[in-house]
Amino acid sequence: MTLPNISTLKQRSADALAPHVQPAKRLITLHTGAVLALNFLVLLMTVLMDRGMESAGGLSGMQTRSILTTAQLTLQFAMTVVLPFWQISWLYVILKFYRGNCAEPADFLTGFRKFGPVLRLTILRILIFTGLIVAGMYAGYFIILGTPLAAPLAEVILSTTDPEAMYDAAMLAMEQMEVPLLLIGGGISLVLCAPFFYRFRLAEYFLLDHSELGARTALRASRRMMRGNAWHMFKLDLSFWWFWLLSALITAVGYADILLPLLGISLPIPEDIAFIGAFVLSIPLQLLLYRCCKLRVDTAYVAAYEALNPPAQPSVSVSFPAPQE
């Protein structure tokens, strides 16, 4: 099947969402607020643990620093594990609204109820895209080796005989190659990842409908639905350019403590306070954007999924009269 045009998809999504606007706004505010609150809690604990590690100096504080470092890594790992299940639950809520059903906060646990399939899908996608990124970076590295950009490294290898001096000079030459490597390798990785990104774009939706079929089946089903429709989905993405731009600007506000010094603007407050303050400043902006705009965006993608995966039609059985004796 082929995706309808963008205006048709947006009209379908608007019609489906119209009866549920207020409940949907309440739920997306609750969902986004929970994510931001969790991020803020982890951020605050990270800052406090950083201060604890700074105060625990010397050999006597080695054990304390080790415990705090482990706690930080555990928090970050927990966030990485929990968020995919929480996010896929929001897709389930949007699916229910689009199909004319009511949703409630308890539906935010759907991703956790489907723990096994969602976890396997997440791991499979991470493995696929990690492999593609690594392949792109290696390709970029070998491309650079064949260009004049690698001349400083070649000169070090050919002119230096002392192993220690060669190592130091080679590291310096590699640092000079970092930016070209990121640009070339990142570009190749993007080219490799883009087709797979669109190929697996609808896997989460299919998994929510058919979690009993497993993650690999969801990936295959997404590939089948997206065959010949990747360009149409890309155009749908482009039609929401304003949303992605606003999201990027709000993200920039959240990282203002890092971006402002790069622009030559110094903040007259401690770094950790600036770090927390920038994130707190971005919270109401994020809530406002999601409450007002994200509903339309997510519902349009659900409309695309429903257009490519219509509900199965009931089979028609034909009965014949029994032969008379």
# chains A, B, ... in the order shown; residues from 1 in each chain; ligands from 1
call {"tool": "residues_around", "arguments": {"residues": "range 38-45 of chain A", "least_positions_apart": "5", "cutoff": "8 Å", "atoms": "only C-alpha atoms", "output": "number ranges by chain"}}
result
A: 75-76, 276, 279-280
call {"tool": "write_last_selection", "arguments": {"atoms": "N, CA and C atoms", "output": "mmCIF file, in the first residue's frame"}}
result
data_model
loop_
_atom_site.group_PDB
_atom_site.id
_atom_site.type_symbol
_atom_site.label_atom_id
_atom_site.label_comp_id
_atom_site.auth_asym_id
_atom_site.auth_seq_id
_atom_site.Cartn_x
_atom_site.Cartn_y
_atom_site.Cartn_z
ATOM 1 N N LEU A 75 22.590 5.255 37.706
ATOM 2 C CA LEU A 75 21.482 6.147 37.391
ATOM 3 C C LEU A 75 21.331 6.340 35.883
ATOM 4 N N GLN A 76 22.453 6.572 35.212
ATOM 5 C CA GLN A 76 22.404 6.772 33.766
ATOM 6 C C GLN A 76 21.926 5.516 33.049
ATOM 7 N N ILE A 276 22.055 23.292 36.220
ATOM 8 C CA ILE A 276 20.702 23.010 36.697
ATOM 9 C C ILE A 276 19.727 24.092 36.219
ATOM 10 N N PHE A 279 18.538 23.708 32.600
ATOM 11 C CA PHE A 279 17.561 22.628 32.439
ATOM 12 C C PHE A 279 16.203 23.051 32.987
ATOM 13 N N VAL A 280 16.190 23.688 34.151
ATOM 14 C CA VAL A 280 14.920 24.138 34.738
ATOM 15 C C VAL A 280 14.230 25.133 33.816
#
call {"tool": "residues_around", "arguments": {"residues": "range 187-194 of chain A", "least_positions_apart": "5", "cutoff": "9 Å", "atoms": "only C-alpha atoms", "output": "list in words"}}
result
Ile128, Phe129, Leu132, Ile133, Val134, Ala135, Gly136, Met137, Ala139, Gly140, Leu182 and Arg199 of chain A
call {"tool": "select_by_dssp", "arguments": {"residues": "range 85-159 of chain A", "states": "alpha helix (DSSP H)", "output": "ChimeraX atom specification"}}
result
/A:85-98,110-113,115-145,151-159
call {"tool": "closest_residue", "arguments": {"among": "A:Lys235, A:Lys294, A:Arg51, A:Lys96", "to": "Ala16 in chain A", "atoms": "only C-alpha atoms"}}
result
A:Lys96
call {"tool": "residues_around", "arguments": {"residues": "Ala203 in chain A", "least_positions_apart": "6", "cutoff": "12 Å", "atoms": "only C-alpha atoms", "output": "PDB file with C-alpha atoms, in the first residue's frame"}}
result
ATOM      1  CA  ILE A  88       6.434   3.357  23.613  1.00  0.00           C
ATOM      2  CA  LEU A  91       2.490   5.577  21.291  1.00  0.00           C
ATOM      3  CA  PRO A 117       9.264  -7.739  23.093  1.00  0.00           C
ATOM      4  CA  VAL A 118      10.044  -4.044  23.662  1.00  0.00           C
ATOM      5  CA  ARG A 120      14.336  -7.169  22.263  1.00  0.00           C
ATOM      6  CA  LEU A 121      13.231  -4.570  19.706  1.00  0.00           C
ATOM      7  CA  THR A 122      15.306  -1.885  21.432  1.00  0.00           C
ATOM      8  CA  LEU A 124      18.056  -5.174  17.929  1.00  0.00           C
ATOM      9  CA  ARG A 125      17.775  -1.587  16.730  1.00  0.00           C
ATOM     10  CA  PHE A 196      17.280   1.566   7.906  1.00  0.00           C
ATOM     11  CA  PHE A 197      15.760   4.312  10.048  1.00  0.00           C
ATOM     12  CA  ASP A 209      -0.613  -4.430  18.114  1.00  0.00           C
ATOM     13  CA  HIS A 210       1.112  -7.818  17.878  1.00  0.00           C
ATOM     14  CA  SER A 211       3.540  -8.174  20.767  1.00  0.00           C
ATOM     15  CA  LEU A 213       4.745 -12.095  17.287  1.00  0.00           C
ATOM     16  CA  GLY A 214       8.046 -10.740  18.613  1.00  0.00           C
ATOM     17  CA  ALA A 215      10.548  -8.021  17.776  1.00  0.00           C
ATOM     18  CA  ARG A 216      11.972  -9.522  14.587  1.00  0.00           C
ATOM     19  CA  THR A 217       8.498  -9.915  13.134  1.00  0.00           C
ATOM     20  CA  ALA A 218       7.823  -6.263  13.958  1.00  0.00           C
ATOM     21  CA  LEU A 219      10.967  -5.217  12.085  1.00  0.00           C
ATOM     22  CA  ARG A 220      10.000  -7.326   9.068  1.00  0.00           C
ATOM     23  CA  ALA A 221       6.457  -5.965   9.120  1.00  0.00           C
ATOM     24  CA  SER A 222       7.750  -2.397   9.273  1.00  0.00           C
ATOM     25  CA  ARG A 223      10.057  -3.097   6.336  1.00  0.00           C
ATOM     26  CA  ARG A 224       7.106  -4.480   4.380  1.00  0.00           C
ATOM     27  CA  MET A 225       4.880  -1.486   5.143  1.00  0.00           C
ATOM     28  CA  MET A 226       7.596   1.041   4.361  1.00  0.00           C
ATOM     29  CA  VAL A 302      -0.297   6.995  13.741  1.00  0.00           C
ATOM     30  CA  TYR A 305       0.683   3.520  10.295  1.00  0.00           C
ATOM     31  CA  ASN A 309      -1.596  -1.484   8.165  1.00  0.00           C
TER      32      ASN A 309
END
call {"tool": "closest_residue", "arguments": {"among": "A:Thr80, A:Asp50, A:Pro19, A:Leu202", "to": "Ile67 in chain A", "atoms": "only C-alpha atoms"}}
result
A:Asp50
call {"tool": "closest_residue", "arguments": {"among": "A:Leu27, A:Ile283, A:Val93, A:Leu119", "to": "Tyr205 in chain A", "atoms": "only C-alpha atoms"}}
result
A:Val93
call {"tool": "residues_around", "arguments": {"residues": "Pro4 in chain A", "least_positions_apart": "3", "cutoff": "10 Å", "atoms": "only C-alpha atoms", "output": "PyMOL selection string"}}
result
chain A and resi 1+7-10+229+232+303-304+307-308
